[in-house]
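**Q** Sharing work_39.txt here; it has compact mmCIF, C-alpha atoms.
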```
# COMPACT_ATOMS: atom_id res chain seq x y z
CA MET A 1 0.00 0.00 0.00
CA ARG A 2 1.29 3.46 -0.92
CA PHE A 3 2.79 5.66 1.85
CA LEU A 4 0.18 8.40 1.38
CA GLU A 5 -2.56 5.78 1.71
CA GLN A 6 -1.00 4.40 4.88
CA ILE A 7 -0.81 7.83 6.51
CA THR A 8 -4.38 8.68 5.51
CA LYS A 9 -5.67 5.36 6.78
CA TRP A 10 -3.91 5.86 10.11
CA ILE A 11 -5.40 9.35 10.51
CA ARG A 12 -8.89 8.21 9.59
CA HIS A 13 -9.02 5.18 11.88
CA ARG A 14 -6.89 6.21 14.86
CA SER A 15 -7.32 9.96 15.24
CA PRO A 16 -10.27 11.80 16.84
CA LEU A 17 -11.41 12.59 13.29
CA LYS A 18 -12.49 9.00 12.62
CA LYS A 19 -16.07 9.69 13.76
CA TYR A 20 -16.65 12.45 11.18
CA GLN A 21 -17.94 10.34 8.29
CA SER A 22 -19.35 13.35 6.43
CA LEU A 23 -15.89 14.93 6.40
CA TRP A 24 -14.31 11.85 4.84
CA ALA A 25 -17.08 11.64 2.26
CA MET A 26 -16.41 15.25 1.28
CA LEU A 27 -12.65 14.66 1.03
CA ARG A 28 -12.91 11.44 -1.00
CA ALA A 29 -12.80 13.05 -4.46
CA PRO A 30 -9.86 15.44 -3.80
CA TYR A 31 -8.02 12.63 -2.01
CA ARG A 32 -8.26 10.42 -5.07
CA LYS A 33 -7.06 13.28 -7.27
CA ALA A 34 -4.05 13.67 -4.96
CA LEU A 35 -3.31 9.94 -5.25
CA ALA A 36 -3.46 10.20 -9.04
CA LEU A 37 -1.03 13.13 -8.94
CA PHE A 38 1.49 11.43 -6.64
CA TYR A 39 1.13 7.91 -8.03
CA PRO A 40 0.34 8.04 -11.77
CA GLN A 41 0.99 4.29 -12.07
CA GLY A 42 -1.98 3.52 -9.82
CA LEU A 43 -2.45 2.17 -6.30
CA GLN A 44 -0.02 -0.61 -5.49
CA ARG A 45 -1.27 -3.78 -3.86
CA ILE A 46 0.66 -6.94 -3.04
CA ILE A 47 -2.07 -9.56 -2.98
CA ASN A 48 -1.62 -12.18 -0.25
CA GLY A 49 2.04 -11.21 0.02
CA THR A 50 2.90 -12.80 -3.33
CA ASP A 51 1.59 -10.85 -6.34
CA ARG A 52 2.12 -7.15 -7.00
CA LEU A 53 -0.30 -5.17 -9.13
CA TYR A 54 -1.67 -1.66 -9.58
CA VAL A 55 -5.35 -0.75 -9.42
CA ASP A 56 -7.48 2.27 -10.24
CA TYR A 57 -7.72 5.09 -7.66
CA CYS A 58 -11.34 4.33 -6.79
CA TRP A 59 -10.20 1.11 -5.09
CA THR A 60 -8.60 2.76 -2.06
CA SER A 61 -10.46 0.36 0.27
CA MET A 62 -9.13 -2.76 -1.45
CA PRO A 63 -7.26 -4.96 1.06
CA GLU A 64 -4.12 -6.90 0.23
CA THR A 65 -5.55 -10.16 1.58
CA TYR A 66 -7.90 -11.58 -1.03
CA GLU A 67 -9.28 -15.13 -1.15
CA PRO A 68 -5.92 -16.57 -0.02
CA ASP A 69 -6.83 -20.26 -0.32
CA VAL A 70 -8.29 -19.91 -3.80
CA TRP A 71 -5.57 -17.50 -4.88
CA GLY A 72 -2.74 -19.85 -3.96
CA GLU A 73 -4.30 -22.83 -5.74
CA VAL A 74 -5.03 -20.89 -8.94
CA MET A 75 -1.69 -19.10 -9.15
CA SER A 76 0.32 -22.25 -8.51
CA ARG A 77 -1.08 -23.73 -11.73
CA LEU A 78 -0.27 -20.81 -14.03
CA ASN A 79 3.53 -20.89 -14.19
CA GLN A 80 3.42 -23.32 -17.13
CA ALA A 81 -0.07 -22.55 -18.46
CA LYS A 82 -0.60 -21.33 -22.01
CA LEU A 83 -4.27 -20.37 -21.69
CA PHE A 84 -6.09 -19.22 -18.54
CA VAL A 85 -9.80 -18.45 -18.88
CA ASP A 86 -11.46 -16.36 -16.16
CA ILE A 87 -15.27 -16.22 -16.36
CA GLY A 88 -16.66 -13.45 -14.19
CA GLY A 89 -13.39 -11.53 -14.03
CA HIS A 90 -14.75 -8.51 -12.10
CA ILE A 91 -11.95 -5.88 -12.08
CA GLY A 92 -9.19 -8.27 -13.13
CA LEU A 93 -7.22 -9.26 -10.05
CA TYR A 94 -6.87 -12.89 -11.10
CA ALA A 95 -6.44 -11.95 -14.76
CA VAL A 96 -3.66 -9.42 -14.18
CA CYS A 97 -1.68 -11.41 -11.63
CA GLY A 98 -2.26 -14.60 -13.60
CA ALA A 99 -0.82 -12.97 -16.72
CA GLN A 100 2.23 -11.88 -14.75
CA ARG A 101 2.79 -15.45 -13.61
CA MET A 102 2.38 -17.06 -17.01
CA PRO A 103 5.34 -17.74 -19.34
CA GLU A 104 6.11 -15.83 -22.52
CA GLY A 105 3.39 -16.59 -25.05
CA GLY A 106 0.82 -17.32 -22.35
CA LYS A 107 -2.62 -15.76 -22.67
CA VAL A 108 -5.50 -14.84 -20.37
CA VAL A 109 -9.04 -14.53 -21.69
CA VAL A 110 -11.31 -12.84 -19.17
CA PHE A 111 -15.10 -12.54 -19.46
CA GLU A 112 -16.94 -9.71 -17.72
CA PRO A 113 -20.44 -8.69 -18.88
CA LEU A 114 -21.07 -5.64 -16.69
CA PRO A 115 -20.13 -2.35 -18.40
CA LYS A 116 -19.00 -0.74 -15.14
CA ASN A 117 -16.71 -3.62 -14.25
CA GLY A 118 -15.50 -3.75 -17.84
CA LYS A 119 -14.20 -0.21 -17.56
CA PHE A 120 -12.31 -0.95 -14.33
CA LEU A 121 -11.00 -4.17 -15.86
CA ARG A 122 -9.64 -2.34 -18.91
CA ASP A 123 -8.09 0.36 -16.72
CA ASN A 124 -6.37 -2.18 -14.46
CA VAL A 125 -5.02 -4.18 -17.41
CA ARG A 126 -3.61 -0.94 -18.85
CA LEU A 127 -2.11 0.18 -15.52
CA ASN A 128 -0.26 -3.14 -15.26
CA ARG A 129 0.81 -3.13 -18.92
CA GLN A 130 -0.69 -6.54 -19.60
CA ASP A 131 -2.55 -5.58 -22.78
CA LYS A 132 -0.61 -8.08 -24.90
CA LYS A 133 -1.33 -11.04 -22.62
CA ILE A 134 -4.92 -10.33 -21.58
CA GLU A 135 -7.93 -10.40 -23.89
CA ILE A 136 -11.14 -8.96 -22.47
CA ARG A 137 -14.46 -10.23 -23.77
CA GLU A 138 -17.35 -8.15 -22.43
CA LEU A 139 -20.07 -10.77 -22.41
CA ALA A 140 -21.61 -13.43 -20.18
CA VAL A 141 -21.02 -17.16 -20.58
CA GLY A 142 -23.81 -19.70 -20.36
CA GLU A 143 -25.60 -22.62 -21.99
CA GLN A 144 -26.72 -20.86 -25.18
CA SER A 145 -25.67 -17.75 -27.06
CA GLY A 146 -27.93 -14.71 -27.37
CA LYS A 147 -28.82 -12.02 -24.88
CA ALA A 148 -29.42 -12.16 -21.14
CA SER A 149 -30.79 -9.89 -18.44
CA MET A 150 -28.75 -9.22 -15.32
CA ASN A 151 -29.24 -7.43 -12.03
CA GLU A 152 -26.30 -5.66 -10.47
CA ASN A 153 -25.54 -5.37 -6.76
CA GLU A 154 -22.31 -3.74 -5.65
CA SER A 155 -20.39 -4.74 -8.79
CA GLN A 156 -21.73 -8.30 -8.71
CA ALA A 157 -24.43 -9.55 -11.02
CA THR A 158 -26.72 -12.49 -11.56
CA LEU A 159 -28.62 -13.61 -14.65
CA GLN A 160 -32.32 -12.93 -14.13
CA ALA A 161 -35.33 -12.91 -16.42
CA ASP A 162 -36.34 -9.40 -15.30
CA GLY A 163 -32.86 -7.93 -14.92
CA ALA A 164 -32.28 -4.25 -15.56
CA ILE A 165 -29.12 -4.73 -17.66
CA VAL A 166 -29.11 -6.55 -21.01
CA VAL A 167 -25.84 -8.23 -21.96
CA ARG A 168 -24.60 -10.52 -24.70
CA ILE A 169 -24.16 -14.16 -23.78
CA SER A 170 -22.05 -16.85 -25.43
CA THR A 171 -20.82 -20.36 -24.67
CA LEU A 172 -17.41 -21.86 -24.04
CA ASP A 173 -17.85 -24.11 -27.07
CA GLU A 174 -18.41 -21.08 -29.30
CA GLU A 175 -15.65 -18.98 -27.76
CA PHE A 176 -13.03 -21.76 -27.83
CA PRO A 177 -13.79 -24.07 -30.78
CA THR A 178 -10.20 -25.30 -31.18
CA GLU A 179 -8.10 -24.02 -28.27
CA THR A 180 -6.90 -26.01 -25.26
CA ILE A 181 -7.66 -24.38 -21.91
CA ASP A 182 -5.16 -25.13 -19.16
CA VAL A 183 -6.92 -23.47 -16.21
CA LEU A 184 -10.57 -22.41 -16.11
CA LYS A 185 -12.03 -20.24 -13.33
CA ILE A 186 -15.80 -19.76 -13.03
CA ASP A 187 -17.51 -17.20 -10.77
CA VAL A 188 -20.99 -16.49 -12.11
CA GLU A 189 -23.21 -16.06 -9.05
CA GLY A 190 -25.34 -19.18 -9.44
CA ALA A 191 -25.18 -19.92 -13.19
CA GLU A 192 -22.27 -22.36 -12.83
CA GLU A 193 -24.06 -25.34 -14.34
CA LYS A 194 -25.13 -23.26 -17.36
CA VAL A 195 -21.48 -22.52 -18.12
CA LEU A 196 -20.67 -26.25 -18.04
CA LEU A 197 -23.67 -27.14 -20.20
CA GLY A 198 -22.40 -24.70 -22.82
CA ALA A 199 -19.05 -26.53 -22.87
CA LYS A 200 -20.16 -30.02 -23.91
CA SER A 201 -17.79 -30.27 -26.87
CA LEU A 202 -14.87 -28.86 -24.90
CA LEU A 203 -15.39 -31.20 -21.95
CA ALA A 204 -15.75 -34.19 -24.26
CA ASN A 205 -12.45 -33.52 -26.02
CA LYS A 206 -9.63 -35.39 -24.28
CA SER A 207 -6.87 -33.20 -25.69
CA ARG A 208 -8.52 -29.79 -25.15
CA LYS A 209 -10.49 -29.97 -21.90
CA PRO A 210 -9.13 -27.89 -18.98
CA ARG A 211 -6.73 -29.65 -16.65
CA SER A 212 -8.07 -27.68 -13.68
CA ILE A 213 -11.47 -26.02 -13.19
CA PHE A 214 -12.05 -23.71 -10.23
CA ILE A 215 -15.73 -23.03 -9.56
CA GLU A 216 -17.24 -20.73 -6.95
CA VAL A 217 -20.51 -22.54 -6.19
CA HIS A 218 -23.67 -20.70 -5.08
CA PRO A 219 -26.22 -23.43 -4.20
CA TYR A 220 -28.48 -20.89 -2.47
CA ALA A 221 -29.07 -19.38 -5.96
CA TRP A 222 -29.45 -22.63 -7.89
CA GLY A 223 -33.23 -22.79 -7.61
CA ALA A 224 -33.59 -20.01 -10.18
CA PHE A 225 -31.50 -21.99 -12.67
CA GLY A 226 -32.93 -25.46 -12.01
CA THR A 227 -29.55 -26.71 -10.82
CA ARG A 228 -29.22 -29.72 -8.51
CA SER A 229 -26.07 -30.87 -6.75
CA GLU A 230 -26.18 -34.40 -8.18
CA ASP A 231 -26.60 -33.16 -11.77
CA PHE A 232 -23.82 -30.62 -11.38
CA ILE A 233 -21.40 -33.20 -10.00
CA LYS A 234 -22.35 -35.75 -12.67
CA ILE A 235 -21.40 -33.36 -15.50
CA LEU A 236 -17.87 -33.05 -14.15
CA LYS A 237 -17.41 -36.69 -13.19
CA ASP A 238 -18.66 -37.89 -16.58
CA ALA A 239 -16.05 -35.59 -18.16
CA GLY A 240 -13.30 -37.33 -16.19
CA TYR A 241 -12.77 -34.94 -13.30
CA ARG A 242 -12.00 -35.64 -9.67
CA LEU A 243 -13.75 -33.16 -7.37
CA ARG A 244 -12.59 -31.79 -4.05
CA ARG A 245 -12.91 -28.86 -1.71
CA LEU A 246 -9.92 -26.58 -1.31
CA ASP A 247 -9.26 -28.07 2.13
CA GLY A 248 -8.49 -31.35 0.34
CA GLN A 249 -11.72 -33.14 1.25
CA PRO A 250 -13.39 -35.11 -1.56
CA LEU A 251 -16.66 -33.69 -2.83
CA ARG A 252 -19.80 -35.83 -2.75
CA GLU A 253 -22.46 -33.14 -2.40
CA ILE A 254 -22.56 -29.39 -2.89
CA ASN A 255 -24.56 -27.84 -0.07
CA PHE A 256 -22.27 -24.92 0.80
CA TYR A 257 -21.12 -21.64 -0.68
CA GLY A 258 -17.46 -21.63 -1.64
CA GLU A 259 -14.82 -22.82 -4.06
CA ILE A 260 -14.45 -26.30 -5.46
CA LEU A 261 -11.74 -27.73 -7.68
CA ALA A 262 -12.20 -30.19 -10.52
CA GLU A 263 -9.00 -31.83 -11.76
CA LEU A 264 -8.60 -34.36 -14.53
CA GLU A 265 -8.10 -37.90 -13.37
CA LYS A 266 -4.56 -39.04 -14.17
```
I'd like the structure from this file rewritten - as structure tokens, please.
**A**
Amino acid sequence: MRFLEQITKWIRHRSPLKKYQSLWAMLRAPYRKALALFYPQGLQRIINGTDRLYVDYCWTSMPETYEPDVWGEVMSRLNQAKLFVDIGGHIGLYAVCGAQRMPEGGKVVVFEPLPKNGKFLRDNVRLNRQDKKIEIRELAVGEQSGKASMNENESQATLQADGAIVVRISTLDEEFPTETIDVLKIDVEGAEEKVLLGAKSLLANKSRKPRSIFIEVHPYAWGAFGTRSEDFIKILKDAGYRLRRLDGQPLREINFYGEILAELEK
């Protein structure tokens, strides 16, 4: 974290001024302008003590500890990866740091359908000079191509029939008709099974299917998509994957919110 940020944070949280929330709200805009003046490269963050990147000035509240268990597992698989696909890339933390980890010639394709997040994603890719390694596709991924409605809540979004935002939607089979994906990360707020159903050809191809698939599962939201734990698990097992939780425990049922890992059986 930048020195000016550290000083400001100390003043705000430890001085008698910390109770004046209206004052801090009023100073937010000029404070960000000052950060941009002093640090034109962006706000530095070292995520989980391992990966350095720069983010846009609006992310002053971003901590440096971020999904440490998931982060370590994903990043450890990218040193030799040629293609990393991040579905639901948000502002690009995994995409940017993943690109920095990957060898020369490696590529990240990141999907983010929300226009607001897309802007932050593009800005953060530019700040970190990863334009040549990262390709941004501003669309959703699901079972069929077309258009979808989404509702947005604090930079997160879910596919909904009556959503306020209309976005384009595609499938993994259409987006990657010939490529081999090394690592696939899916974070789509409940539509996880739809992503897998749109990847039937990819998952059936022994030479092209991802070696590792990280999926943030949202079973509390599955009712809206008609998803059941047994069906979800069957798709992956039929494709030759071994499933586990990140704590190493084998996966027999999905009845919790969190990350799961599907790895090809050797």
**Q** Identify which of the residues A:Ala224, A:Ile169, A:Ala239, A:Ile136 lies closest to A:Ala148, counting only C-alpha atoms when measuring atom-to-atom distances.
**A** A:Ile169
**Q** Could you give me, as a ChimeraX atom specification, the residues within 10 Å of A:Arg52, counting all atoms listed in the file and dropping anything in the same chain fewer than 4 positions from it?
**A** /A:44-48,64,96-97,100,128
**Q** What is the atom CA of A:Leu202 to atom CA of A:Met75 distance in Å?
**A**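 If I compute the distance from atom CA of A:Leu202 to atom CA of A:Met75, I get 22.7 Å.
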**Q** Let me make sure I understand: among A:Lys200, A:Lys237, A:Arg28, A:Arg122, which one has the smallest atom-to-atom distance to A:Ile134 if we use all atoms listed in the file?
**A** A:Arg122
**Q** Find, counting only C-alpha atoms, the residue in A:Leu196, A:Ile181, A:Met150, A:Ala262 that gets nearest to A:Pro113.
**A**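 Ranked by minimum distance to A:Pro113, first place goes to A:Met150.
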**Q** Counting only C-alpha atoms, what is within 9 Å of A:Leu121, bar same-chain residues fewer than 5 positions away, as a ChimeraX atom specification?
**A** /A:89-93,112,116,126,136
**Q** Pick out the closest residue to A:Val110 from this set: A:Asp247, A:Leu184, A:Gly142, A:Glu174. Count all atoms listed in the file.
**A** A:Leu184
**Q** Quick one: residues within 12 Å of A:Asn79, all atoms listed in the file counted, chain neighbours fewer than 3 positions away excluded, as a PyMOL selection string?
**A** chain A and resi 73-76+82-84+97-107+182-183
**Q** Of the candidates A:Thr50, A:Asn205, A:Ser145, A:Asn151, which shows the shortest atom-to-atom distance to A:Pro177, using all atoms listed in the file?
**A**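 For A:Pro177, the nearest of the candidates is A:Asn205.
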**Q** Select, from A:Gly88, A:Gly72, A:Pro63, A:Pro40, the residue with the minimum atom-to-atom distance to A:Asp187, counting all atoms listed in the file.
**A**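 When distances to A:Asp187 are compared using all atoms listed in the file, the smallest one comes from A:Gly88.
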**Q** Would you compute the box with edges along x, y and z of the file around stretch 49-68 of chain A, including every atom the file lists for it and 6 Å extra on each side, and give its centre and edge lengths in Å to one decimal, as JSON?
**A**
```
{"center_x": -4.2, "center_y": -5.7, "center_z": -4.3, "size_x": 26.2, "size_y": 33.7, "size_z": 23.8}
```
**Q** Tell me, in Å to one decimal, how far atom CA of A:Leu53 is from atom CA of A:Gly248.
**A**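 These atoms are spaced 29.0 Å apart.
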